[in-house]
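**Student:** Here it is, the structure in full.
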Amino acid sequence: MTEPLRFGIVGCGVIGPTHAEAISSLADAQLVAVADPVVERAHKLAAKYNVTPYGDIQAMLERERLDVVTICTPSGEHGKHARQAMHTGRHVIIEKPIEISQVAIDEMLHTQQEMGVKLSVISQHRFDAATQQVYKLVQEQALGRLVMGNALVPWWRSQAYYNSGAWRGTWEFDGGGVLMNQSIHSIDLLQWLMGPVKSLYAYTDTLVHTMETEDVGVAVLRFANGALGTIAATTGAYPGVTTRVEVFGDKGSASIENDQIGYLHLARDEQEAASDYGTNLQTARPTQKGTGATAQNPAALSTHSHALQIADMIRAIRANGTPLVDGNAARHPVDIILGIYESVRTHKEIIL
Ligand SMILES: NC(=O)c1ccc[n+]([C@@H]2O[C@H](COP(=O)([O-])OP(=O)(O)OC[C@H]3O[C@@H](n4cnc5c(N)ncnc54)[C@H](O)[C@@H]3O)[C@@H](O)[C@H]2O)c1
């Protein structure tokens with residue numbers, strides 16, 4: 001019988017434990033070691049899963065037999081740590097964002113190519129059932145011609161959250177604020193469902209928190225397929241409410257709200273054709289609502305979607321295929337976010 005793939009985790013802060021739980025839930029994966037320079041974090045996580053703790057990533061890479069290394073360190077260090085792991089021939093799973101600058105992403109993908117290893121970047125909400133359902137419908141053109149797509153992220157993070165790690169809310173290590181950190185999930189879904197963004201114009205500001213980067217941002221978008229859209233995001237919306245990604249077409253409309261279908265209307269499924277004024281809303285499908293816990297607390301994340309994404313990487317490694325969110329896929333939302341920052345700096349429309 002084939003031995004399960006052996007995993008090591010780099011970074012045992014908020015998200016590292018989610019990776020440990022997700023890896024442990026998969027039959028074809030085995031957690032072997034964890035590393036964090038804050039050794040009590042490494043020891044605590046290692047004790048829970050009965051694996052070996054390290055205070056230093058290089059020591060873990062040298063001493064342990066590992067197939068896959070997952071990078072759960074501050075965003076601006078992803079490139080350094082991923083390249084370190086890839087240079088030892090390990091496949092890597094990297095937390096979002098892939099990195100915070102084009103140069104760092106280029107360097108990372110260059111190393112990946114040189115070493116011939118697989119690379120997957122966490123965008124776990126692509127694996128949510130609701131997202132998969134809407135994606136499939138868009139691919140089948142069941143929504144018709146796409147006209148508008150919106151991402152709304154009205155979240156709350158306290159000042160204590162930003163103070164909980166010196167890297168949070170900094171340009172150097174977070175790479176931005178609510179857009180680069182919290183909203184990248186919804187921005188990735190929006191561009192995955194709607195297709196590439198061609199141009200944008202944006203405003204951002206820092207209104208509530210003491211931090212370098214933005215805690216509110218709004219962008220208007222033109223997609224390559226001609227549709228228009230918006231991104232509106234903040235970590236200053238107490239107490240943190242519904243995250244929504246909306247896709248509208250001339251034959252259907254869908255919203256994903258807190259990772260579940262909020263509404264889904266397809267002309268092909270309606271009992272009666274819509275009147276000139278649209279459909280009577282009573283014929284709409286019932287709305288399901290999630291709790292939206294991560295709108296308030298990043299540690300309230302369920303591990304299920306992470307496990308699905310790690311399983312997707314395992315499939316890619318076993319079959320010598322490509323994971324759903326490889327390096328090229330993962331750079332699109334970062335390109336959009338960097339474009340937003342450039343628009344704010346230059347007061348100009350940015351063509352991506
Ligand atoms: N997918 C999601 O929903 C999600 C949720 C939260 C965070 N994240 C991402 O995960 C990453 C980490 O975020 P976090 O909130 O867990 O941060 P955190 O500060 O809680 O944890 C980061 C950990 O990395 C450790 N670290 C730093 N340098 C290291 C090194 N050289 N070797 C090993 N460990 C090192 C730190 O000591 C810390 O324990 C960020 O990129 C963030 O964007 C993703």
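By order of appearance in the structure tokens: chains A, B, ..., then residues from 1 within every chain, and ligands from 1 in the order shown.
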Counting only C-alpha atoms and all ligand atoms, which residues of chain A fall within 6 Å of ligand 1, and what is the closest atom pair for each with its distance in Å at one decimal, ordered by chain and rising number, as CSV?

**Tutor:**
residue,atom,partner,partner_atom_place_in_ligand_line,distance
A:Val10,CA,ligand 1,33 (C),4.6
A:Gly11,CA,ligand 1,34 (N),3.6
A:Cys12,CA,ligand 1,39 (O),4.6
A:Gly13,CA,ligand 1,21 (O),3.3
A:Val14,CA,ligand 1,16 (O),3.6
A:Ile15,CA,ligand 1,16 (O),3.9
A:Gly16,CA,ligand 1,16 (O),5.9
A:Ala35,CA,ligand 1,33 (C),5.0
A:Asp36,CA,ligand 1,34 (N),3.6
A:Pro37,CA,ligand 1,37 (O),5.4
A:Val38,CA,ligand 1,37 (O),5.0
A:Asp56,CA,ligand 1,32 (N),5.8
A:Ile57,CA,ligand 1,32 (N),5.1
A:Cys72,CA,ligand 1,11 (C),4.6
A:Thr73,CA,ligand 1,24 (O),3.7
A:Pro74,CA,ligand 1,41 (O),4.5
A:Ser75,CA,ligand 1,41 (O),3.6
A:Glu95,CA,ligand 1,10 (O),5.0
A:Lys96,CA,ligand 1,43 (O),5.2
A:Pro97,CA,ligand 1,43 (O),6.0
A:Ile122,CA,ligand 1,1 (N),5.9
A:Gly165,CA,ligand 1,19 (O),5.3
A:Asn181,CA,ligand 1,43 (O),5.3
A:Pro298,CA,ligand 1,6 (C),5.7

**Student:** Once you count only C-alpha atoms, what closest atom pair and distance in Å to one decimal does each residue of segment 165-212 of chain A within 10 Å of segment 324-335 of chain A have, with rows by chain and rising residue number, as JSON lines?

**Tutor:**
{"residue": "A:Gly175", "atom": "CA", "partner": "A:Val334", "partner_atom": "CA", "distance": 9.8}
{"residue": "A:Leu179", "atom": "CA", "partner": "A:Val334", "partner_atom": "CA", "distance": 9.4}
{"residue": "A:Met180", "atom": "CA", "partner": "A:Val334", "partner_atom": "CA", "distance": 7.3}
{"residue": "A:Ser183", "atom": "CA", "partner": "A:Pro333", "partner_atom": "CA", "distance": 9.6}
{"residue": "A:Ile184", "atom": "CA", "partner": "A:Pro333", "partner_atom": "CA", "distance": 6.4}
{"residue": "A:His185", "atom": "CA", "partner": "A:Pro333", "partner_atom": "CA", "distance": 8.4}
{"residue": "A:Ser186", "atom": "CA", "partner": "A:Pro333", "partner_atom": "CA", "distance": 9.1}
{"residue": "A:Ile187", "atom": "CA", "partner": "A:Pro333", "partner_atom": "CA", "distance": 6.0}
{"residue": "A:Asp188", "atom": "CA", "partner": "A:Pro333", "partner_atom": "CA", "distance": 5.1}
{"residue": "A:Leu189", "atom": "CA", "partner": "A:Pro333", "partner_atom": "CA", "distance": 8.8}
{"residue": "A:Leu190", "atom": "CA", "partner": "A:Pro333", "partner_atom": "CA", "distance": 9.1}
{"residue": "A:Gln191", "atom": "CA", "partner": "A:Pro333", "partner_atom": "CA", "distance": 7.3}
{"residue": "A:Trp192", "atom": "CA", "partner": "A:Ala329", "partner_atom": "CA", "distance": 8.9}
{"residue": "A:Pro196", "atom": "CA", "partner": "A:His332", "partner_atom": "CA", "distance": 7.8}
{"residue": "A:Val197", "atom": "CA", "partner": "A:His332", "partner_atom": "CA", "distance": 8.7}

**Student:** For the residues in the current selection, export all heavy atoms as a tab-separated table (two decimals), in the first residue's frame.

**Tutor:**
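Here's the written file selection05.tsv:
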chain	number	residue	atom	x	y	z
A	175	GLY	N	1.41	43.45	3.24
A	175	GLY	CA	1.28	43.83	1.83
A	175	GLY	C	0.09	44.71	1.54
A	175	GLY	O	-0.19	45.05	0.39
A	179	LEU	N	-7.89	44.75	1.92
A	179	LEU	CA	-7.96	44.18	0.57
A	179	LEU	C	-7.00	43.00	0.44
A	179	LEU	O	-7.40	41.90	0.06
A	179	LEU	CB	-7.67	45.26	-0.48
A	179	LEU	CG	-8.77	46.33	-0.52
A	179	LEU	CD1	-8.27	47.58	-1.25
A	179	LEU	CD2	-10.03	45.80	-1.19
A	180	MET	N	-5.72	43.21	0.77
A	180	MET	CA	-4.73	42.14	0.58
A	180	MET	C	-4.94	41.00	1.57
A	180	MET	O	-4.69	39.85	1.25
A	180	MET	CB	-3.31	42.71	0.71
A	180	MET	CG	-2.22	41.73	0.37
A	180	MET	SD	-2.22	41.21	-1.36
A	180	MET	CE	-1.11	42.39	-2.11
A	183	SER	N	-9.97	40.47	2.21
A	183	SER	CA	-10.89	40.42	1.07
A	183	SER	C	-10.39	39.61	-0.10
A	183	SER	O	-11.12	39.41	-1.06
A	183	SER	CB	-11.18	41.83	0.56
A	183	SER	OG	-11.48	42.65	1.63
A	184	ILE	N	-9.15	39.17	-0.04
A	184	ILE	CA	-8.58	38.45	-1.20
A	184	ILE	C	-9.42	37.22	-1.52
A	184	ILE	O	-9.55	36.84	-2.68
A	184	ILE	CB	-7.09	38.11	-0.96
A	184	ILE	CG1	-6.46	37.63	-2.27
A	184	ILE	CG2	-6.92	37.12	0.16
A	184	ILE	CD1	-4.96	37.59	-2.25
A	185	HIS	N	-10.04	36.62	-0.51
A	185	HIS	CA	-10.90	35.45	-0.77
A	185	HIS	C	-12.03	35.82	-1.73
A	185	HIS	O	-12.26	35.16	-2.73
A	185	HIS	CB	-11.54	34.95	0.53
A	185	HIS	CG	-10.57	34.40	1.51
A	185	HIS	ND1	-9.92	33.22	1.31
A	185	HIS	CD2	-10.14	34.85	2.72
A	185	HIS	CE1	-9.13	32.96	2.35
A	185	HIS	NE2	-9.25	33.94	3.22
A	186	SER	N	-12.75	36.90	-1.38
A	186	SER	CA	-13.92	37.28	-2.19
A	186	SER	C	-13.47	37.82	-3.54
A	186	SER	O	-14.16	37.62	-4.55
A	186	SER	CB	-14.75	38.33	-1.45
A	186	SER	OG	-15.16	37.81	-0.21
A	187	ILE	N	-12.34	38.52	-3.57
A	187	ILE	CA	-11.83	39.05	-4.84
A	187	ILE	C	-11.44	37.88	-5.75
A	187	ILE	O	-11.70	37.89	-6.96
A	187	ILE	CB	-10.65	40.01	-4.59
A	187	ILE	CG1	-11.16	41.25	-3.83
A	187	ILE	CG2	-9.95	40.39	-5.89
A	187	ILE	CD1	-10.09	42.19	-3.32
A	188	ASP	N	-10.85	36.85	-5.17
A	188	ASP	CA	-10.50	35.68	-5.98
A	188	ASP	C	-11.76	35.01	-6.54
A	188	ASP	O	-11.82	34.67	-7.72
A	188	ASP	CB	-9.68	34.67	-5.16
A	188	ASP	CG	-9.27	33.49	-6.05
A	188	ASP	OD1	-8.79	33.74	-7.17
A	188	ASP	OD2	-9.46	32.33	-5.64
A	189	LEU	N	-12.79	34.85	-5.69
A	189	LEU	CA	-14.02	34.22	-6.19
A	189	LEU	C	-14.65	35.07	-7.29
A	189	LEU	O	-15.09	34.55	-8.32
A	189	LEU	CB	-15.04	34.04	-5.06
A	189	LEU	CG	-14.67	33.12	-3.91
A	189	LEU	CD1	-15.90	32.81	-3.07
A	189	LEU	CD2	-14.03	31.85	-4.39
A	190	LEU	N	-14.67	36.39	-7.07
A	190	LEU	CA	-15.30	37.28	-8.05
A	190	LEU	C	-14.63	37.13	-9.42
A	190	LEU	O	-15.31	36.95	-10.44
A	190	LEU	CB	-15.20	38.73	-7.56
A	190	LEU	CG	-15.88	39.78	-8.43
A	190	LEU	CD1	-17.39	39.58	-8.43
A	190	LEU	CD2	-15.55	41.20	-7.94
A	191	GLN	N	-13.29	37.15	-9.44
A	191	GLN	CA	-12.62	37.08	-10.74
A	191	GLN	C	-12.62	35.66	-11.29
A	191	GLN	O	-12.53	35.46	-12.49
A	191	GLN	CB	-11.21	37.69	-10.67
A	191	GLN	CG	-10.22	36.97	-9.80
A	191	GLN	CD	-9.50	35.85	-10.51
A	191	GLN	OE1	-9.22	35.96	-11.69
A	191	GLN	NE2	-9.22	34.76	-9.79
A	192	TRP	N	-12.76	34.67	-10.42
A	192	TRP	CA	-12.85	33.28	-10.91
A	192	TRP	C	-14.21	33.07	-11.59
A	192	TRP	O	-14.30	32.46	-12.65
A	192	TRP	CB	-12.68	32.32	-9.73
A	192	TRP	CG	-12.48	30.89	-10.12
A	192	TRP	CD1	-11.62	30.42	-11.08
A	192	TRP	CD2	-13.13	29.75	-9.57
A	192	TRP	NE1	-11.69	29.05	-11.14
A	192	TRP	CE2	-12.62	28.60	-10.22
A	192	TRP	CE3	-14.09	29.56	-8.58
A	192	TRP	CZ2	-13.02	27.30	-9.92
A	192	TRP	CZ3	-14.50	28.26	-8.28
A	192	TRP	CH2	-13.98	27.15	-8.95
A	196	PRO	N	-11.38	37.48	-15.97
A	196	PRO	CA	-10.35	38.45	-15.61
A	196	PRO	C	-10.85	39.89	-15.56
A	196	PRO	O	-11.74	40.27	-16.33
A	196	PRO	CB	-9.32	38.30	-16.73
A	196	PRO	CG	-9.67	37.08	-17.47
A	196	PRO	CD	-11.09	36.72	-17.17
A	197	VAL	N	-10.26	40.67	-14.66
A	197	VAL	CA	-10.53	42.11	-14.59
A	197	VAL	C	-9.60	42.80	-15.58
A	197	VAL	O	-8.40	42.54	-15.61
A	197	VAL	CB	-10.28	42.63	-13.16
A	197	VAL	CG1	-10.35	44.16	-13.11
A	197	VAL	CG2	-11.29	42.03	-12.19

**Student:** Compile the contact shell of Ile310 of chain A as a list in words: residues with an atom at most 10 Å away, counting only C-alpha atoms, same-chain residues fewer than 5 positions apart removed.

**Tutor:** His19, Ala22, Ile23, Leu26, Ala29, Thr70, Ile93, Ser120, Val121, Ile122, Gln124, His304, Ser305, Arg315, Ala316 and Pro323 of chain A

**Student:** Given the choices A:Gln271, A:Gly236, A:Leu119, A:Val134, which gets closest to Gly321 of chain A if the distance is worked out from only C-alpha atoms?

**Tutor:**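 Ranked by minimum distance to Gly321 of chain A, first place goes to A:Leu119.
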
**Student:** I'd like the contact shell of segment 202-219 of chain A - 6 Å cut-off, only C-alpha atoms, skipping same-chain residues fewer than 5 positions apart - returned as a PyMOL selection string.

**Tutor:** chain A and resi 159+169-170+176-178+230-236+340+343-344

**Student:** Rounded to one decimal, what separation in Å do you get between atom CA of Thr242 of chain A and atom CA of Pro17 of chain A?

**Tutor:**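 According to the coordinates, atom CA of Thr242 of chain A and atom CA of Pro17 of chain A are separated by 25.0 Å.
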
**Student:** Hey, which of A:Gly8, A:Gly149, A:Gly76, A:Gly240 ends up closest to Arg90 of chain A? Count only C-alpha atoms.

**Tutor:** A:Gly8

**Student:** Can you tell me how far atom CA of Leu143 of chain A sits from atom CA of Leu266 of chain A, in Å to one decimal?

**Tutor:** 6.5 Å

**Student:** Take atom CA of Ala293 of chain A and atom CA of His306 of chain A and report the distance between them in Å, one decimal.

**Tutor:**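 Value for the atom CA of Ala293 of chain A-atom CA of His306 of chain A distance: 15.9 Å.
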